[in-house]
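File shown: upload39.cif (mmCIF, C-alpha atoms).
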data_coords
loop_
_atom_site.label_atom_id
_atom_site.label_comp_id
_atom_site.auth_asym_id
_atom_site.auth_seq_id
_atom_site.Cartn_x
_atom_site.Cartn_y
_atom_site.Cartn_z
CA MET R 1 0.72 16.22 11.12
CA GLY R 2 3.57 13.75 10.86
CA SER R 3 3.82 13.31 14.63
CA LYS R 4 0.04 12.84 14.86
CA ARG R 5 0.12 10.10 12.24
CA GLY R 6 3.05 8.49 14.04
CA ILE R 7 1.12 8.42 17.32
CA ILE R 8 -1.89 6.81 15.67
CA LEU R 9 0.28 4.17 13.99
CA TYR R 10 1.94 3.52 17.34
CA VAL R 11 -1.46 2.99 19.01
CA VAL R 12 -2.52 0.58 16.26
CA GLY R 13 0.79 -1.23 16.59
CA LEU R 14 0.43 -1.41 20.37
CA VAL R 15 -2.95 -3.11 20.08
CA LEU R 16 -1.50 -5.57 17.58
CA THR R 17 1.47 -6.25 19.85
CA ILE R 18 -0.72 -6.97 22.88
CA ILE R 19 -2.81 -9.39 20.86
CA LEU R 20 0.13 -11.06 19.15
CA ALA R 21 1.80 -11.64 22.50
CA TYR R 22 -0.56 -14.54 23.04
CA GLU R 23 1.06 -16.37 20.13
CA THR R 24 4.78 -16.00 20.77
CA THR R 25 5.23 -19.72 21.29
CA SER R 26 3.08 -20.90 18.38
CA SER R 27 4.63 -23.55 16.16
CA SER R 28 2.21 -23.02 13.26
CA ALA R 29 3.89 -23.02 9.87
CA GLN R 30 0.95 -21.51 7.98
CA LEU R 31 -1.02 -18.30 8.09
CA SER R 32 -4.67 -18.72 9.01
CA THR R 33 -7.76 -16.49 9.09
CA ASN R 34 -8.75 -18.03 12.46
CA PHE R 35 -5.28 -17.81 14.02
CA TYR R 36 -6.59 -16.05 17.19
CA ASP R 37 -10.01 -17.69 17.51
CA TYR R 38 -8.95 -19.71 20.57
CA SER R 39 -6.17 -17.67 22.18
CA CYS R 40 -7.73 -14.22 21.73
CA PRO R 41 -11.22 -14.19 20.17
CA ALA R 42 -11.57 -10.44 20.72
CA ALA R 43 -8.48 -9.72 18.61
CA LEU R 44 -10.01 -8.72 15.29
CA PRO R 45 -12.86 -6.60 16.72
CA ALA R 46 -10.30 -4.72 18.84
CA ILE R 47 -8.02 -4.09 15.87
CA LYS R 48 -10.93 -3.04 13.67
CA LYS R 49 -12.15 -0.57 16.29
CA VAL R 50 -8.73 1.07 16.69
CA VAL R 51 -8.10 1.28 12.94
CA GLU R 52 -11.53 2.80 12.27
CA ALA R 53 -10.94 5.40 14.99
CA ALA R 54 -7.51 6.19 13.55
CA VAL R 55 -8.89 6.73 10.05
CA MET R 56 -11.67 8.96 11.39
CA LYS R 57 -9.08 11.16 13.10
CA GLU R 58 -6.73 11.24 10.10
CA ARG R 59 -8.17 10.47 6.66
CA ARG R 60 -4.71 9.81 5.23
CA MET R 61 -4.22 6.95 7.68
CA GLY R 62 -5.85 4.49 5.29
CA ALA R 63 -3.14 5.13 2.72
CA SER R 64 -0.46 4.95 5.43
CA LEU R 65 -1.63 1.53 6.59
CA LEU R 66 -1.73 0.21 3.03
CA ARG R 67 1.84 1.37 2.54
CA LEU R 68 2.82 -0.27 5.81
CA HIS R 69 1.50 -3.59 4.46
CA PHE R 70 3.44 -3.11 1.21
CA HIS R 71 6.65 -2.50 3.17
CA ASP R 72 6.18 -5.55 5.38
CA CYS R 73 5.37 -7.97 2.58
CA PHE R 74 7.75 -6.75 -0.13
CA VAL R 75 10.76 -6.38 2.10
CA GLN R 76 10.28 -9.42 4.32
CA LEU R 77 8.87 -11.06 1.59
CA ALA R 78 -14.54 2.59 2.86
CA GLY R 79 -13.03 -0.08 0.45
CA PRO R 80 -13.03 -3.85 0.30
CA SER R 81 -12.89 -6.12 3.30
CA TRP R 82 -11.45 -9.60 3.36
CA GLU R 83 -10.39 -12.31 5.77
CA VAL R 84 -6.73 -11.65 6.52
CA PRO R 85 -4.50 -14.71 7.01
CA LEU R 86 -2.98 -14.16 10.46
CA GLY R 87 0.12 -15.34 12.29
CA ARG R 88 2.77 -13.45 10.31
CA LYS R 89 5.62 -12.42 12.60
CA ASP R 90 8.14 -9.60 12.38
CA SER R 91 11.70 -10.11 11.20
CA THR R 92 14.62 -10.10 13.61
CA THR R 93 16.35 -7.39 11.58
CA ALA R 94 15.29 -3.87 10.71
CA ASN R 95 16.80 -1.96 7.81
CA LYS R 96 15.27 1.33 6.70
CA ASN R 97 17.29 1.42 3.48
CA LEU R 98 16.26 -2.13 2.58
CA ALA R 99 12.63 -1.27 3.21
CA ASN R 100 12.79 1.72 0.88
CA ASN R 101 14.92 0.02 -1.77
CA ASP R 102 12.61 -2.96 -2.24
CA ILE R 103 9.49 -0.84 -2.73
CA PRO R 104 9.26 0.13 -6.44
CA PRO R 105 9.98 3.87 -6.78
CA PRO R 106 7.62 6.16 -8.73
CA PHE R 107 10.15 6.62 -11.55
CA LEU R 108 10.16 3.03 -12.87
CA ASP R 109 9.04 2.15 -16.41
CA LEU R 110 6.61 -0.71 -17.01
CA PRO R 111 9.19 -3.47 -17.71
CA ALA R 112 11.02 -2.67 -14.47
CA LEU R 113 7.74 -2.61 -12.53
CA ILE R 114 6.76 -6.00 -13.92
CA THR R 115 10.17 -7.43 -12.99
CA ASN R 116 9.99 -5.94 -9.50
CA PHE R 117 6.64 -7.57 -8.84
CA LYS R 118 7.61 -10.85 -10.51
CA ASN R 119 10.58 -11.09 -8.15
CA GLN R 120 8.06 -11.21 -5.31
CA GLY R 121 5.86 -13.84 -6.96
CA LEU R 122 3.31 -11.32 -8.23
CA ASP R 123 2.05 -11.03 -11.80
CA GLU R 124 0.92 -8.15 -14.02
CA ARG R 125 -2.64 -8.29 -12.70
CA ASP R 126 -1.29 -7.95 -9.16
CA LEU R 127 0.82 -5.01 -10.30
CA VAL R 128 -2.21 -3.19 -11.68
CA LEU R 129 -4.45 -4.05 -8.74
CA LEU R 130 -1.97 -3.17 -6.01
CA SER R 131 -1.08 0.06 -7.82
CA GLY R 132 -4.79 0.78 -7.47
CA ALA R 133 -4.08 1.45 -3.79
CA HIS R 134 -3.20 4.90 -5.11
CA THR R 135 -6.92 5.53 -5.03
CA LEU R 136 -6.02 6.70 -1.51
CA GLY R 137 -3.56 9.33 -0.40
CA PHE R 138 -1.29 12.04 -1.76
CA ALA R 139 2.08 12.35 -3.48
CA GLN R 140 4.84 14.85 -2.81
CA CYS R 141 5.81 17.20 -5.61
CA VAL R 142 9.34 15.79 -5.74
CA THR R 143 7.95 12.40 -6.80
CA PHE R 144 6.16 13.66 -9.92
CA ARG R 145 7.89 16.92 -10.92
CA ALA R 146 9.90 15.23 -13.68
CA ARG R 147 6.69 13.86 -15.19
CA LEU R 148 5.02 17.28 -15.18
CA TYR R 149 7.82 19.12 -16.91
CA ASN R 150 9.32 16.44 -19.16
CA GLU R 151 6.67 13.96 -20.30
CA ALA R 152 4.18 14.27 -23.14
CA ASN R 153 1.70 11.54 -22.18
CA ILE R 154 -0.16 13.73 -19.70
CA ASP R 155 -3.36 15.70 -20.18
CA PRO R 156 -2.23 19.35 -20.69
CA ALA R 157 -4.94 20.89 -18.50
CA PHE R 158 -4.25 18.34 -15.77
CA ALA R 159 -0.53 19.09 -15.92
CA GLU R 160 -1.14 22.83 -15.60
CA MET R 161 -3.33 22.24 -12.56
CA LEU R 162 -0.63 20.15 -10.88
CA LYS R 163 2.04 22.72 -11.67
CA LYS R 164 0.25 25.21 -9.42
CA ALA R 165 1.11 23.00 -6.46
CA CYS R 166 4.40 21.73 -7.89
CA PRO R 167 6.64 24.45 -9.38
CA ASN R 168 9.68 23.61 -11.46
CA THR R 169 11.89 24.44 -8.49
CA GLY R 170 11.07 24.38 -4.80
CA GLY R 171 8.03 23.01 -3.03
CA ASP R 172 9.35 19.45 -2.93
CA SER R 173 7.03 18.45 -0.08
CA ASN R 174 3.88 20.03 -1.53
CA LEU R 175 1.12 17.45 -1.76
CA SER R 176 -1.29 16.57 -4.56
CA PRO R 177 -3.98 13.86 -4.42
CA LEU R 178 -3.25 10.68 -6.35
CA ASP R 179 -6.80 10.68 -7.68
CA PRO R 180 -9.82 13.04 -7.36
CA SER R 181 -11.15 11.22 -4.28
CA PRO R 182 -8.05 10.60 -2.12
CA SER R 183 -10.00 9.55 0.97
CA GLU R 184 -12.37 7.15 -0.82
CA PHE R 185 -11.60 3.67 -2.09
CA ASP R 186 -12.97 3.60 -5.63
CA ASN R 187 -11.84 2.94 -9.21
CA ARG R 188 -11.33 6.57 -10.24
CA TYR R 189 -7.58 6.00 -10.17
CA PHE R 190 -7.95 3.82 -13.27
CA SER R 191 -10.30 6.28 -14.97
CA GLN R 192 -7.64 8.93 -14.48
CA LEU R 193 -5.03 6.75 -16.16
CA THR R 194 -7.21 6.16 -19.23
CA SER R 195 -7.51 9.97 -19.51
CA TYR R 196 -3.73 10.39 -19.12
CA LYS R 197 -4.15 12.01 -15.74
CA GLY R 198 -1.88 9.75 -13.74
CA VAL R 199 0.10 11.73 -11.17
CA LEU R 200 3.15 9.48 -10.92
CA HIS R 201 5.25 8.29 -13.84
CA SER R 202 4.89 4.70 -12.64
CA ASP R 203 1.11 5.09 -12.55
CA GLN R 204 0.78 6.27 -16.14
CA GLU R 205 3.16 3.52 -17.27
CA LEU R 206 0.30 1.11 -16.60
CA PHE R 207 -1.68 2.72 -19.43
CA LYS R 208 0.70 3.70 -22.18
CA GLY R 209 0.21 1.19 -24.98
CA GLY R 210 1.73 -1.70 -23.04
CA SER R 211 0.66 -5.10 -21.78
CA THR R 212 -1.31 -3.74 -18.82
CA ASP R 213 -3.56 -1.36 -20.79
CA GLU R 214 -6.41 -3.87 -21.02
CA LEU R 215 -6.41 -4.47 -17.28
CA VAL R 216 -6.49 -0.74 -16.53
CA SER R 217 -9.38 -0.25 -18.95
CA HIS R 218 -11.24 -3.17 -17.40
CA TYR R 219 -11.00 -1.83 -13.85
CA SER R 220 -11.82 1.72 -14.96
CA ARG R 221 -15.19 0.37 -16.14
CA ASN R 222 -15.85 -2.10 -13.34
CA GLY R 223 -15.44 -0.88 -9.79
CA GLU R 224 -16.85 -4.07 -8.28
CA ALA R 225 -14.28 -6.19 -10.09
CA PHE R 226 -11.51 -3.93 -8.81
CA THR R 227 -12.76 -4.20 -5.24
CA SER R 228 -12.95 -8.00 -5.22
CA ASP R 229 -9.74 -8.56 -7.19
CA PHE R 230 -7.82 -6.05 -5.06
CA ALA R 231 -8.67 -8.06 -1.96
CA ARG R 232 -7.29 -11.23 -3.57
CA SER R 233 -4.05 -9.51 -4.53
CA MET R 234 -3.64 -8.11 -1.02
CA ILE R 235 -4.01 -11.61 0.42
CA LYS R 236 -1.52 -12.90 -2.13
CA MET R 237 0.97 -10.19 -1.20
CA GLY R 238 0.46 -10.93 2.49
CA ASN R 239 1.50 -14.53 1.86
CA ILE R 240 4.93 -13.66 0.44
CA LYS R 241 7.35 -15.80 2.46
CA PRO R 242 5.79 -15.12 5.88
CA LEU R 243 7.68 -15.73 9.09
CA THR R 244 5.59 -18.05 11.28
CA GLY R 245 5.92 -20.32 14.28
CA SER R 246 9.41 -20.15 15.79
CA GLN R 247 10.63 -17.89 12.98
CA GLY R 248 10.68 -14.15 13.51
CA GLN R 249 9.42 -12.39 16.60
CA VAL R 250 6.51 -10.44 18.03
CA ARG R 251 7.96 -6.99 18.53
CA VAL R 252 7.26 -5.05 21.70
CA ASN R 253 7.57 -1.93 19.55
CA CYS R 254 6.65 -2.64 15.92
CA ARG R 255 9.14 -0.01 14.73
CA LYS R 256 12.25 -1.77 16.04
CA VAL R 257 13.69 -5.20 16.76
CA ASN R 258 13.33 -6.51 20.32
CA GLN R 259 16.41 -5.96 22.45
#
Could you express the structure from this file as structure tokens?
Amino acid sequence: MGSKRGIILYVVGLVLTIILAYETTSSSAQLSTNFYDYSCPAALPAIKKVVEAAVMKERRMGASLLRLHFHDCFVQLAGPSWEVPLGRKDSTTANKNLANNDIPPPFLDLPALITNFKNQGLDERDLVLLSGAHTLGFAQCVTFRARLYNEANIDPAFAEMLKKACPNTGGDSNLSPLDPSPSEFDNRYFSQLTSYKGVLHSDQELFKGGSTDELVSHYSRNGEAFTSDFARSMIKMGNIKPLTGSQGQVRVNCRKVNQ
């Protein structure tokens, strides 16, 4: 499964690389939703077609692509659709450890999560909304075992259900869905949190008597608000210190720096 997902991501990246190649000499200093209108008007339809095909072949691809966007923007500083500001280039360095270190781990408490996001120019609403990306995908047992066996703020029946897939020892790579509809973009993630059924420690921290409780409650009741606000936060995250114009590079292979 891992190799299959890697191939699909490579194909998506290849399409992006071919399209971006038209703009290697651009001197634009800003991202723009019409960045390719003149140089490559077929760009967005081509990308959309490849991504849709990838998700149809592998339902978890949606979550993988969201995580890819988180990595790109945090490190280099069936749901909603939005106009994506284009023209962001890749960095001239690649550091796997840096990529993993800058993404907030699932063990952080709320104050640390808020600080992590604030360091990137994102506020508490962005934290809640972007955490809502966990409406898609699965988590490995190793990322939530400590919560299952050591924390009290979890629904007992829900914990027992998760323990069947995540024993106290072993089974580190066993998967559990992050919400009841892991292949659908909806607001059930927030409903789960208000019922103390968050899978990850960092998820449940968003609804635990702290400053983000009201936001979680709001989005658990209003799926349309979540959809529209999520799009705005994704755009905001995509605008974190982008490399444009003569900065950065268009990678031949998106997984490594050009030689």
Selection under test: the PyMOL selection byres ((chain R and resi 175-187) around 7); residues as an NGL selection string = :R and (59-60 or 78-79 or 134-141 or 173-174 or 188-191 or 199 or 219-220 or 223 or 226)
Restrict the selected residues to C-alpha atoms and save them as a compact mmCIF listing (two decimals), in the frame of the given file.
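As written to disk, out_12.txt reads:
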# COMPACT_ATOMS: atom_id res chain seq x y z
CA ARG R 59 -8.17 10.47 6.66
CA ARG R 60 -4.71 9.81 5.23
CA ALA R 78 -14.54 2.59 2.86
CA GLY R 79 -13.03 -0.08 0.45
CA HIS R 134 -3.20 4.90 -5.11
CA THR R 135 -6.92 5.53 -5.03
CA LEU R 136 -6.02 6.70 -1.51
CA GLY R 137 -3.56 9.33 -0.40
CA PHE R 138 -1.29 12.04 -1.76
CA ALA R 139 2.08 12.35 -3.48
CA GLN R 140 4.84 14.85 -2.81
CA CYS R 141 5.81 17.20 -5.61
CA SER R 173 7.03 18.45 -0.08
CA ASN R 174 3.88 20.03 -1.53
CA ARG R 188 -11.33 6.57 -10.24
CA TYR R 189 -7.58 6.00 -10.17
CA PHE R 190 -7.95 3.82 -13.27
CA SER R 191 -10.30 6.28 -14.97
CA VAL R 199 0.10 11.73 -11.17
CA TYR R 219 -11.00 -1.83 -13.85
CA SER R 220 -11.82 1.72 -14.96
CA GLY R 223 -15.44 -0.88 -9.79
CA PHE R 226 -11.51 -3.93 -8.81
Evaluating the PyMOL selection byres ((chain R and resi 206-209) around 9) on the displayed file yields which residues, as JSON, numbers by chain?
-> {"R": [109, 110, 127, 128, 131, 153, 190, 193, 194, 196, 202, 203, 204, 205, 210, 211, 212, 213, 214, 215, 216, 217]}
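Rounded to one decimal, atom CA of R:Leu148 and atom CA of R:Lys197 lie 10.6 Å from each other.
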Could you give me the centre and size, in Å to one decimal, of an axis-aligned box around all listed atoms of stretch 138-148 of chain R with 6 Å added on every side, as JSON?
{"center_x": 4.3, "center_y": 14.7, "center_z": -8.5, "size_x": 23.2, "size_y": 17.2, "size_z": 25.4}
Given the file shown, enumerate the residues that the PyMOL selection byres ((chain R and resi 258) around 12) captures and present them as a short mmCIF file (atom, residue, chain, number, x, y, z; two decimals) with C-alpha atoms, keeping the file's coordinate frame.
data_model
loop_
_atom_site.label_atom_id
_atom_site.label_comp_id
_atom_site.auth_asym_id
_atom_site.auth_seq_id
_atom_site.Cartn_x
_atom_site.Cartn_y
_atom_site.Cartn_z
CA THR R 17 1.47 -6.25 19.85
CA ASP R 90 8.14 -9.60 12.38
CA SER R 91 11.70 -10.11 11.20
CA THR R 92 14.62 -10.10 13.61
CA THR R 93 16.35 -7.39 11.58
CA ALA R 94 15.29 -3.87 10.71
CA GLY R 248 10.68 -14.15 13.51
CA GLN R 249 9.42 -12.39 16.60
CA VAL R 250 6.51 -10.44 18.03
CA ARG R 251 7.96 -6.99 18.53
CA VAL R 252 7.26 -5.05 21.70
CA ASN R 253 7.57 -1.93 19.55
CA CYS R 254 6.65 -2.64 15.92
CA ARG R 255 9.14 -0.01 14.73
CA LYS R 256 12.25 -1.77 16.04
CA VAL R 257 13.69 -5.20 16.76
CA GLN R 259 16.41 -5.96 22.45
#
Check the smallest atom-to-atom distance from each of R:Asn119, R:Gly87, R:Pro105, R:Met237 to R:Ser39 using all atoms listed in the file, then report the winner.
->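 The answer is R:Gly87, which sits nearest to R:Ser39.
Ranking R:Gln120, R:Ser228, R:Asn222, R:Asn34 by their shortest atom-to-atom distance to R:Pro85, with all atoms listed in the file included, puts R:Asn34 first.
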Atom-to-atom span, atom CA of R:Asp123 and atom CA of R:Leu86, Å |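 Separation between atom CA of R:Asp123 and atom CA of R:Leu86: 23.0 Å.
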In Å, rounded to a single decimal, give me how far atom CA of R:Ala152 is from atom CA of R:Lys164.
-> 18.0 Å
Residue nearest R:Ala225 among R:Leu129, R:Asn150, R:Met56, R:Ser81 (counting only C-alpha atoms) =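 Of all the options, R:Leu129 lies closest to R:Ala225.
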Looking at only C-alpha atoms, which of R:Phe230, R:Phe117, R:Tyr38, R:Phe158 is the one that sits closest to R:Pro104?
->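 Smallest separation from R:Pro104 among the options: R:Phe117.
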How would stretch 147-182 of chain R look with N, CA and C atoms restored, written as a PDB file, in the coordinates of the input?
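The resulting file, out-v9.pdb, is shown below:
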ATOM      1  N   ARG R 147       7.786  14.203 -14.271  1.00  0.00           N
ATOM      2  CA  ARG R 147       6.690  13.860 -15.190  1.00  0.00           C
ATOM      3  C   ARG R 147       5.998  15.120 -15.688  1.00  0.00           C
ATOM      4  N   LEU R 148       5.742  16.057 -14.800  1.00  0.00           N
ATOM      5  CA  LEU R 148       5.020  17.280 -15.180  1.00  0.00           C
ATOM      6  C   LEU R 148       5.752  18.080 -16.236  1.00  0.00           C
ATOM      7  N   TYR R 149       7.058  18.190 -16.076  1.00  0.00           N
ATOM      8  CA  TYR R 149       7.820  19.120 -16.910  1.00  0.00           C
ATOM      9  C   TYR R 149       8.586  18.442 -18.051  1.00  0.00           C
ATOM     10  N   ASN R 150       8.529  17.113 -18.123  1.00  0.00           N
ATOM     11  CA  ASN R 150       9.320  16.440 -19.160  1.00  0.00           C
ATOM     12  C   ASN R 150       8.567  15.422 -19.996  1.00  0.00           C
ATOM     13  N   GLU R 151       7.375  15.027 -19.589  1.00  0.00           N
ATOM     14  CA  GLU R 151       6.670  13.960 -20.300  1.00  0.00           C
ATOM     15  C   GLU R 151       5.499  14.505 -21.107  1.00  0.00           C
ATOM     16  N   ALA R 152       5.242  13.831 -22.230  1.00  0.00           N
ATOM     17  CA  ALA R 152       4.180  14.270 -23.140  1.00  0.00           C
ATOM     18  C   ALA R 152       2.869  13.525 -22.930  1.00  0.00           C
ATOM     19  N   ASN R 153       2.925  12.345 -22.318  1.00  0.00           N
ATOM     20  CA  ASN R 153       1.700  11.540 -22.180  1.00  0.00           C
ATOM     21  C   ASN R 153       0.920  11.926 -20.921  1.00  0.00           C
ATOM     22  N   ILE R 154       0.609  13.207 -20.819  1.00  0.00           N
ATOM     23  CA  ILE R 154      -0.160  13.730 -19.700  1.00  0.00           C
ATOM     24  C   ILE R 154      -1.130  14.778 -20.224  1.00  0.00           C
ATOM     25  N   ASP R 155      -2.356  14.731 -19.758  1.00  0.00           N
ATOM     26  CA  ASP R 155      -3.360  15.700 -20.180  1.00  0.00           C
ATOM     27  C   ASP R 155      -2.865  17.114 -19.881  1.00  0.00           C
ATOM     28  N   PRO R 156      -2.810  18.008 -20.884  1.00  0.00           N
ATOM     29  CA  PRO R 156      -2.230  19.350 -20.690  1.00  0.00           C
ATOM     30  C   PRO R 156      -2.906  20.141 -19.573  1.00  0.00           C
ATOM     31  N   ALA R 157      -4.229  20.137 -19.531  1.00  0.00           N
ATOM     32  CA  ALA R 157      -4.940  20.890 -18.500  1.00  0.00           C
ATOM     33  C   ALA R 157      -4.646  20.315 -17.110  1.00  0.00           C
ATOM     34  N   PHE R 158      -4.562  19.000 -17.038  1.00  0.00           N
ATOM     35  CA  PHE R 158      -4.250  18.340 -15.770  1.00  0.00           C
ATOM     36  C   PHE R 158      -2.843  18.709 -15.312  1.00  0.00           C
ATOM     37  N   ALA R 159      -1.908  18.734 -16.248  1.00  0.00           N
ATOM     38  CA  ALA R 159      -0.530  19.090 -15.920  1.00  0.00           C
ATOM     39  C   ALA R 159      -0.445  20.521 -15.395  1.00  0.00           C
ATOM     40  N   GLU R 160      -1.158  21.434 -16.041  1.00  0.00           N
ATOM     41  CA  GLU R 160      -1.140  22.830 -15.600  1.00  0.00           C
ATOM     42  C   GLU R 160      -1.710  22.967 -14.197  1.00  0.00           C
ATOM     43  N   MET R 161      -2.744  22.194 -13.898  1.00  0.00           N
ATOM     44  CA  MET R 161      -3.330  22.240 -12.560  1.00  0.00           C
ATOM     45  C   MET R 161      -2.320  21.764 -11.515  1.00  0.00           C
ATOM     46  N   LEU R 162      -1.611  20.672 -11.821  1.00  0.00           N
ATOM     47  CA  LEU R 162      -0.630  20.150 -10.880  1.00  0.00           C
ATOM     48  C   LEU R 162       0.547  21.099 -10.692  1.00  0.00           C
ATOM     49  N   LYS R 163       0.903  21.811 -11.749  1.00  0.00           N
ATOM     50  CA  LYS R 163       2.040  22.720 -11.670  1.00  0.00           C
ATOM     51  C   LYS R 163       1.803  23.853 -10.675  1.00  0.00           C
ATOM     52  N   LYS R 164       0.551  24.164 -10.399  1.00  0.00           N
ATOM     53  CA  LYS R 164       0.250  25.210  -9.420  1.00  0.00           C
ATOM     54  C   LYS R 164       0.707  24.794  -8.025  1.00  0.00           C
ATOM     55  N   ALA R 165       0.668  23.503  -7.761  1.00  0.00           N
ATOM     56  CA  ALA R 165       1.110  23.000  -6.460  1.00  0.00           C
ATOM     57  C   ALA R 165       2.539  22.465  -6.513  1.00  0.00           C
ATOM     58  N   CYS R 166       3.069  22.334  -7.728  1.00  0.00           N
ATOM     59  CA  CYS R 166       4.400  21.730  -7.890  1.00  0.00           C
ATOM     60  C   CYS R 166       5.206  22.537  -8.902  1.00  0.00           C
ATOM     61  N   PRO R 167       5.840  23.627  -8.461  1.00  0.00           N
ATOM     62  CA  PRO R 167       6.640  24.450  -9.380  1.00  0.00           C
ATOM     63  C   PRO R 167       7.874  23.705  -9.864  1.00  0.00           C
ATOM     64  N   ASN R 168       8.500  24.244 -10.870  1.00  0.00           N
ATOM     65  CA  ASN R 168       9.680  23.610 -11.460  1.00  0.00           C
ATOM     66  C   ASN R 168      10.833  23.522 -10.472  1.00  0.00           C
ATOM     67  N   THR R 169      10.892  24.468  -9.558  1.00  0.00           N
ATOM     68  CA  THR R 169      11.890  24.440  -8.490  1.00  0.00           C
ATOM     69  C   THR R 169      11.206  24.778  -7.174  1.00  0.00           C
ATOM     70  N   GLY R 170      11.650  24.130  -6.109  1.00  0.00           N
ATOM     71  CA  GLY R 170      11.070  24.380  -4.800  1.00  0.00           C
ATOM     72  C   GLY R 170       9.765  23.621  -4.593  1.00  0.00           C
ATOM     73  N   GLY R 171       9.294  23.653  -3.363  1.00  0.00           N
ATOM     74  CA  GLY R 171       8.030  23.010  -3.030  1.00  0.00           C
ATOM     75  C   GLY R 171       8.062  21.505  -3.089  1.00  0.00           C
ATOM     76  N   ASP R 172       9.207  20.909  -2.813  1.00  0.00           N
ATOM     77  CA  ASP R 172       9.350  19.450  -2.930  1.00  0.00           C
ATOM     78  C   ASP R 172       8.308  18.679  -2.123  1.00  0.00           C
ATOM     79  N   SER R 173       7.943  19.187  -0.953  1.00  0.00           N
ATOM     80  CA  SER R 173       7.030  18.450  -0.080  1.00  0.00           C
ATOM     81  C   SER R 173       5.563  18.814  -0.289  1.00  0.00           C
ATOM     82  N   ASN R 174       5.276  19.693  -1.248  1.00  0.00           N
ATOM     83  CA  ASN R 174       3.880  20.030  -1.530  1.00  0.00           C
ATOM     84  C   ASN R 174       3.122  18.782  -1.963  1.00  0.00           C
ATOM     85  N   LEU R 175       1.898  18.655  -1.505  1.00  0.00           N
ATOM     86  CA  LEU R 175       1.120  17.450  -1.760  1.00  0.00           C
ATOM     87  C   LEU R 175       0.042  17.658  -2.818  1.00  0.00           C
ATOM     88  N   SER R 176      -0.181  16.616  -3.607  1.00  0.00           N
ATOM     89  CA  SER R 176      -1.290  16.570  -4.560  1.00  0.00           C
ATOM     90  C   SER R 176      -1.953  15.204  -4.444  1.00  0.00           C
ATOM     91  N   PRO R 177      -3.288  15.146  -4.532  1.00  0.00           N
ATOM     92  CA  PRO R 177      -3.980  13.860  -4.420  1.00  0.00           C
ATOM     93  C   PRO R 177      -3.649  12.943  -5.590  1.00  0.00           C
ATOM     94  N   LEU R 178      -3.564  11.658  -5.312  1.00  0.00           N
ATOM     95  CA  LEU R 178      -3.250  10.680  -6.350  1.00  0.00           C
ATOM     96  C   LEU R 178      -4.430  10.395  -7.266  1.00  0.00           C
ATOM     97  N   ASP R 179      -5.629  10.706  -6.800  1.00  0.00           N
ATOM     98  CA  ASP R 179      -6.800  10.680  -7.680  1.00  0.00           C
ATOM     99  C   ASP R 179      -7.798  11.689  -7.122  1.00  0.00           C
ATOM    100  N   PRO R 180      -8.912  11.972  -7.807  1.00  0.00           N
ATOM    101  CA  PRO R 180      -9.820  13.040  -7.360  1.00  0.00           C
ATOM    102  C   PRO R 180     -10.517  12.778  -6.036  1.00  0.00           C
ATOM    103  N   SER R 181     -10.480  11.547  -5.548  1.00  0.00           N
ATOM    104  CA  SER R 181     -11.150  11.220  -4.280  1.00  0.00           C
ATOM    105  C   SER R 181     -10.167  10.503  -3.362  1.00  0.00           C
ATOM    106  N   PRO R 182      -9.169  11.232  -2.833  1.00  0.00           N
ATOM    107  CA  PRO R 182      -8.050  10.600  -2.120  1.00  0.00           C
ATOM    108  C   PRO R 182      -8.403   9.954  -0.789  1.00  0.00           C
TER     109      PRO R 182
END
